[in-house]
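S.K.: Here it is: the structure, laid out below.
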Amino acid sequence: MREANAFVVTGLAIAVGLLFGSLLIIVTTPELQHAWAGFFSHPWATIRLNAIVIWGAIELLFTGGVFDPRAVWAAIQHPTNANWTTAVSPISSSLTYATPLILAGLGLAVGFRTNLFNIGGQGQLIGGAILATYVGFTVNAPPVALVSLEILAGMVGGLIIASVAGILKAFTGAHEVIVTMMMNYVMYSFLGYLVFLNGFKKPGESNGVSQSIVLAGQLPKLLGFLNGSLQVNLGFVIALVAVAIVSWLMNHSTLGFELQLVGANPEAARTAGVSARRIIILAMCISGALVGLAGMVQVSGIEVSLTSAPPGATIGFDAIVVALLGRNRPMGVLAAALLFGILDAGGHQVQIYSATNIDYSISLVIQAVIVFCVATPALIVALFRLKTPATAKDALASRGWTR
């Protein structure tokens with residue numbers, strides 16, 4: 001535990017994030033500020049009140065994002081649908097938020113591992129969502145066939161948007177950061193235009209809403225047999241399959257080796273007979289396809305229709321942080337997305353149920369601090385005086401997103 005390996009650094013980063021969040025609760029909660037004003041008169045009462053409030057917030061963060069042991073025990077003792085719905089509702093909310101983050105984070109991680117800074121996740125997500133939605137309300141097919149077509153359409157939509165940056169990078173040297181960032185704005189504008197276009201917009205609707213995906217094209221809810229309000233759906237299973245496929249691709253396939261070789265040293269790749277242009281285009285296409293799949297999962301599993309606002313709000317940008325926190329590794333991305341899902345679901349519960357009305361933004365601060373600490377592992381190593389084994393020095397050095 002004293003060695004500065006990735007597991008220890010990440011665990012300590014989470015602890016630092018929670019500590020920073022606790023301090024923020026203290027300085028932003030009026031009740032605690034008032035208690036500290038009388039600290040010298042009632043020191044132990046002040047400390048006790050702070051401990052109660054902070055522990056209550058952390059408890060709500062866990063019970064609101066993972067499970068409440070009391071609710072689970074009640075469901076075991078009295079196994080009714082209502083009790084089990086209450087017991088699994090927190091983890092359902094967390095998995096629902098994490099699902100598109102897993103897919104989008106995987107896509108961006110593939111780009112980062114190839115030394116391509118794909119910042120256009122939001123635009124690629126919109127592209128995938130648009131094509132998936134169009135297929136979802138125009139194609140008349142059985143559920144399995146229709147969902148399969150939507151998956152393909154979502155991947156094609158994201159792939160097309162990302163391929164623009166890949167082709168320009170490969171043949172003109174245009175920097176992918178600029179191109180992908182500009183494509184975000186293009187897709188924002190295109191989505192805003194499309195939801196008011198006859199044939200795509202909902203008939204009789206003037207507020208910019210697309211037609212809805214038909215019931216056969218909506219992803220089935222995994223816990224729908226308990227209660228329809230539990231939103232976790234087949235998209236989570238799709239995301240797990242994608243993690244397994246990307247893990248195999250990057251670690252056990254020739255293409256994965258070529259992707260990482262070009263990312264590490266393009267000149268060495270050319271010497272070995274690997275076409276850097278081909279790999280750059282392929283990497284961006286794979287990256288965009290996975291992010292587009294995230295858009296399909298979000299719109300067909302949760303939102304059902306599109307508006308002028310991007311589906312899933314800021315998932316395309318949040319996925320950058322997820323890929324970074326997961327160190328661009330498939331299993332790391334999965335863990336990071338689940339952590340973000342728990343913090344999101346738990347943060348809402350803290351705001352709703354905390355006695356002192358702790359704001360949801362505290363959970364966002366915790367996320368930011370965790371990411372900062374993981375992105376600068378040397379800080380954690382120095383702060384906790386960890387031993388750095390010779391084999392881990394390179395891995396722990398801050399060497400950019402692709403390492």
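By order of appearance in the structure tokens: chains A, B, ..., then residues from 1 within every chain, and ligands from 1 in the order shown.
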Please tabulate, as a Markdown table, the residues of range 181-236 of chain A that come within 12 Å of range 151-168 of chain A, each with its closest pair of atoms and the distance in Å to one decimal, counting only C-alpha atoms and ordering rows by chain, then residue number upward.

M.R.:
```
| residue | atom | partner | partner_atom | distance |
| --- | --- | --- | --- | --- |
| A:Met181 | CA | A:Ala165 | CA | 9.6 |
| A:Met182 | CA | A:Ala165 | CA | 9.8 |
| A:Met183 | CA | A:Ile161 | CA | 7.3 |
| A:Asn184 | CA | A:Ile161 | CA | 9.2 |
| A:Tyr185 | CA | A:Ile161 | CA | 11.8 |
| A:Val186 | CA | A:Ile161 | CA | 9.9 |
| A:Met187 | CA | A:Ile161 | CA | 8.7 |
| A:Gly217 | CA | A:Ile151 | CA | 10.2 |
| A:Gln218 | CA | A:Ile151 | CA | 11.2 |
| A:Leu219 | CA | A:Ile151 | CA | 10.5 |
| A:Leu234 | CA | A:Ile151 | CA | 11.7 |
| A:Gly235 | CA | A:Ile151 | CA | 10.0 |
```

S.K.: Include N, CA and C atoms and write out the residues we just selected as a compact mmCIF listing (two decimals), in the first residue's frame.

M.R.:
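Below you can see result.txt, which holds the result:
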```txt
# COMPACT_ATOMS: atom_id res chain seq x y z
N MET A 181 -12.97 20.06 -32.60
CA MET A 181 -13.65 21.10 -31.84
C MET A 181 -14.62 21.89 -32.72
N MET A 182 -14.17 22.22 -33.93
CA MET A 182 -15.04 22.95 -34.86
C MET A 182 -16.23 22.10 -35.31
N MET A 183 -16.01 20.80 -35.44
CA MET A 183 -17.11 19.91 -35.82
C MET A 183 -18.19 19.87 -34.74
N ASN A 184 -17.80 20.09 -33.49
CA ASN A 184 -18.81 20.20 -32.44
C ASN A 184 -19.80 21.32 -32.75
N TYR A 185 -19.29 22.48 -33.12
CA TYR A 185 -20.15 23.62 -33.42
C TYR A 185 -20.99 23.36 -34.67
N VAL A 186 -20.40 22.69 -35.65
CA VAL A 186 -21.15 22.35 -36.86
C VAL A 186 -22.35 21.47 -36.51
N MET A 187 -22.11 20.47 -35.67
CA MET A 187 -23.18 19.53 -35.31
C MET A 187 -24.21 20.18 -34.40
N GLY A 217 -38.17 0.27 -31.19
CA GLY A 217 -36.79 0.70 -31.32
C GLY A 217 -36.18 1.22 -30.05
N GLN A 218 -36.94 1.25 -28.97
CA GLN A 218 -36.42 1.73 -27.70
C GLN A 218 -35.76 0.58 -26.94
N LEU A 219 -34.62 0.86 -26.33
CA LEU A 219 -33.89 -0.18 -25.62
C LEU A 219 -34.69 -0.67 -24.41
N LEU A 234 -30.78 -1.90 -21.78
CA LEU A 234 -29.88 -2.77 -22.53
C LEU A 234 -28.59 -2.06 -22.93
N GLY A 235 -28.61 -0.74 -22.95
CA GLY A 235 -27.41 0.00 -23.30
C GLY A 235 -26.24 -0.33 -22.40
```

S.K.: Which residues of range 308-346 of chain A sit at most 12 Å from range 351-359 of chain A, using only C-alpha atoms? Give each one's shortest atom pair and distance in Å (one decimal place), in chain and ascending residue order, as a Markdown table.

M.R.:
```
| residue | atom | partner | partner_atom | distance |
| --- | --- | --- | --- | --- |
| A:Leu343 | CA | A:Gln351 | CA | 11.9 |
| A:Asp344 | CA | A:Gln351 | CA | 10.9 |
| A:Ala345 | CA | A:Gln351 | CA | 10.3 |
| A:Gly346 | CA | A:Gln351 | CA | 8.8 |
```

S.K.: From a backbone DSSP assignment, name each residue in range 209-289 of chain A labelled alpha helix (DSSP H), as a ChimeraX atom specification.

M.R.: /A:234-252,254-264,266-271,276-289

S.K.: Take the residues that were just selected and, keeping N, CA and C atoms, output them as a compact mmCIF listing (two decimals), in the first residue's frame.

M.R.:
```
# COMPACT_ATOMS: atom_id res chain seq x y z
N LEU A 234 -30.78 -1.90 -21.78
CA LEU A 234 -29.88 -2.77 -22.53
C LEU A 234 -28.59 -2.06 -22.93
N GLY A 235 -28.61 -0.74 -22.95
CA GLY A 235 -27.41 0.00 -23.30
C GLY A 235 -26.24 -0.33 -22.40
N PHE A 236 -26.50 -0.65 -21.14
CA PHE A 236 -25.42 -1.00 -20.22
C PHE A 236 -24.76 -2.30 -20.64
N VAL A 237 -25.56 -3.26 -21.10
CA VAL A 237 -25.01 -4.52 -21.59
C VAL A 237 -24.17 -4.26 -22.85
N ILE A 238 -24.68 -3.39 -23.73
CA ILE A 238 -23.93 -3.03 -24.93
C ILE A 238 -22.59 -2.40 -24.55
N ALA A 239 -22.61 -1.56 -23.52
CA ALA A 239 -21.38 -0.91 -23.08
C ALA A 239 -20.38 -1.93 -22.55
N LEU A 240 -20.84 -2.92 -21.79
CA LEU A 240 -19.94 -3.95 -21.27
C LEU A 240 -19.33 -4.77 -22.41
N VAL A 241 -20.14 -5.09 -23.41
CA VAL A 241 -19.63 -5.81 -24.59
C VAL A 241 -18.58 -4.97 -25.29
N ALA A 242 -18.84 -3.66 -25.39
CA ALA A 242 -17.87 -2.77 -26.04
C ALA A 242 -16.56 -2.73 -25.27
N VAL A 243 -16.62 -2.75 -23.95
CA VAL A 243 -15.39 -2.77 -23.12
C VAL A 243 -14.58 -4.02 -23.45
N ALA A 244 -15.25 -5.16 -23.52
CA ALA A 244 -14.55 -6.42 -23.81
C ALA A 244 -13.93 -6.38 -25.21
N ILE A 245 -14.66 -5.87 -26.19
CA ILE A 245 -14.16 -5.83 -27.57
C ILE A 245 -12.96 -4.89 -27.68
N VAL A 246 -13.07 -3.69 -27.11
CA VAL A 246 -11.98 -2.72 -27.19
C VAL A 246 -10.77 -3.24 -26.43
N SER A 247 -10.98 -3.91 -25.31
CA SER A 247 -9.86 -4.48 -24.55
C SER A 247 -9.12 -5.50 -25.40
N TRP A 248 -9.87 -6.36 -26.08
CA TRP A 248 -9.23 -7.35 -26.96
C TRP A 248 -8.52 -6.64 -28.12
N LEU A 249 -9.19 -5.66 -28.71
CA LEU A 249 -8.62 -4.94 -29.85
C LEU A 249 -7.28 -4.30 -29.49
N MET A 250 -7.23 -3.61 -28.35
CA MET A 250 -6.03 -2.86 -28.00
C MET A 250 -4.91 -3.75 -27.46
N ASN A 251 -5.26 -4.89 -26.86
CA ASN A 251 -4.26 -5.70 -26.18
C ASN A 251 -3.89 -7.00 -26.87
N HIS A 252 -4.74 -7.48 -27.80
CA HIS A 252 -4.51 -8.81 -28.37
C HIS A 252 -4.64 -8.86 -29.89
N THR A 254 -3.54 -7.34 -33.94
CA THR A 254 -2.50 -6.66 -34.71
C THR A 254 -2.84 -5.19 -34.89
N LEU A 255 -4.13 -4.91 -35.17
CA LEU A 255 -4.55 -3.52 -35.35
C LEU A 255 -4.30 -2.72 -34.08
N GLY A 256 -4.59 -3.30 -32.93
CA GLY A 256 -4.36 -2.59 -31.67
C GLY A 256 -2.89 -2.28 -31.47
N PHE A 257 -2.03 -3.24 -31.83
CA PHE A 257 -0.59 -2.99 -31.74
C PHE A 257 -0.18 -1.85 -32.67
N GLU A 258 -0.73 -1.84 -33.88
CA GLU A 258 -0.39 -0.79 -34.84
C GLU A 258 -0.89 0.57 -34.37
N LEU A 259 -2.08 0.60 -33.77
CA LEU A 259 -2.61 1.86 -33.24
C LEU A 259 -1.67 2.44 -32.18
N GLN A 260 -1.22 1.60 -31.26
CA GLN A 260 -0.35 2.08 -30.19
C GLN A 260 1.06 2.38 -30.70
N LEU A 261 1.49 1.64 -31.73
CA LEU A 261 2.82 1.90 -32.30
C LEU A 261 2.85 3.26 -32.97
N VAL A 262 1.81 3.56 -33.75
CA VAL A 262 1.74 4.87 -34.40
C VAL A 262 1.62 5.97 -33.36
N GLY A 263 0.87 5.72 -32.29
CA GLY A 263 0.74 6.71 -31.24
C GLY A 263 2.05 6.97 -30.51
N ALA A 264 2.85 5.92 -30.34
CA ALA A 264 4.10 6.07 -29.61
C ALA A 264 5.20 6.68 -30.47
N PRO A 266 5.41 7.48 -34.72
CA PRO A 266 5.00 7.33 -36.12
C PRO A 266 6.15 6.97 -37.05
N GLU A 267 7.33 7.52 -36.80
CA GLU A 267 8.48 7.23 -37.66
C GLU A 267 8.89 5.76 -37.55
N ALA A 268 8.89 5.25 -36.33
CA ALA A 268 9.21 3.84 -36.14
C ALA A 268 8.15 2.96 -36.80
N ALA A 269 6.90 3.39 -36.75
CA ALA A 269 5.82 2.64 -37.38
C ALA A 269 6.03 2.57 -38.89
N ARG A 270 6.41 3.70 -39.50
CA ARG A 270 6.66 3.70 -40.94
C ARG A 270 7.82 2.78 -41.30
N THR A 271 8.85 2.80 -40.47
CA THR A 271 10.00 1.92 -40.70
C THR A 271 9.59 0.45 -40.64
N ALA A 276 1.04 5.11 -41.42
CA ALA A 276 0.54 6.02 -40.39
C ALA A 276 -0.77 6.65 -40.82
N ARG A 277 -0.90 6.99 -42.10
CA ARG A 277 -2.14 7.59 -42.59
C ARG A 277 -3.34 6.67 -42.38
N ARG A 278 -3.15 5.41 -42.77
CA ARG A 278 -4.24 4.44 -42.60
C ARG A 278 -4.63 4.29 -41.13
N ILE A 279 -3.65 4.21 -40.27
CA ILE A 279 -3.91 4.01 -38.85
C ILE A 279 -4.59 5.25 -38.25
N ILE A 280 -4.16 6.44 -38.65
CA ILE A 280 -4.78 7.66 -38.13
C ILE A 280 -6.27 7.70 -38.49
N ILE A 281 -6.57 7.39 -39.76
CA ILE A 281 -7.97 7.40 -40.20
C ILE A 281 -8.77 6.32 -39.47
N LEU A 282 -8.19 5.11 -39.36
CA LEU A 282 -8.88 4.02 -38.67
C LEU A 282 -9.13 4.36 -37.21
N ALA A 283 -8.14 4.93 -36.57
CA ALA A 283 -8.28 5.28 -35.15
C ALA A 283 -9.40 6.28 -34.93
N MET A 284 -9.46 7.30 -35.77
CA MET A 284 -10.52 8.29 -35.63
C MET A 284 -11.88 7.69 -35.94
N CYS A 285 -11.93 6.78 -36.93
CA CYS A 285 -13.21 6.14 -37.26
C CYS A 285 -13.70 5.26 -36.12
N ILE A 286 -12.80 4.47 -35.53
CA ILE A 286 -13.18 3.62 -34.39
C ILE A 286 -13.61 4.49 -33.22
N SER A 287 -12.85 5.53 -32.96
CA SER A 287 -13.17 6.45 -31.88
C SER A 287 -14.56 7.07 -32.07
N GLY A 288 -14.80 7.59 -33.27
CA GLY A 288 -16.09 8.22 -33.55
C GLY A 288 -17.24 7.23 -33.51
N ALA A 289 -17.00 6.00 -33.98
CA ALA A 289 -18.07 4.99 -33.97
C ALA A 289 -18.52 4.67 -32.55
```

S.K.: Can you pull out every residue within 6 Å of range 316-325 of chain A, counting only C-alpha atoms, but drop anything in the same chain fewer than 4 positions away, and send it as a ChimeraX atom specification?

M.R.: /A:101,104-105,109,121-122,333,336-337,371

S.K.: For Gln298 in chain A, which residue out of A:Leu32, A:Ala15, A:Leu338, A:Ile126 is the nearest one, using only C-alpha atoms?

M.R.: A:Ile126

S.K.: Just the residues within 7 Å of Gln211 in chain A, please, counting only C-alpha atoms, with nothing from its chain fewer than 6 positions along; format it as a list in words.

M.R.: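 Counting only C-alpha atoms, the residues come to Phe137, Phe200, Lys201, Lys202 and Ser305 of chain A.
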
S.K.: Here is a test: counting only C-alpha atoms, which residue of A:Ala6, A:Ala309, A:Val53, A:Val16 is nearest to Phe384 in chain A?

M.R.: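 With only C-alpha atoms as the atom set, the closest residue is A:Val16.
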
S.K.: Please, what distance in Å, to one decimal, runs between CA of Ser308 in chain A and CA of Leu197 in chain A?

M.R.: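 Those two atoms sit 11.7 Å apart.
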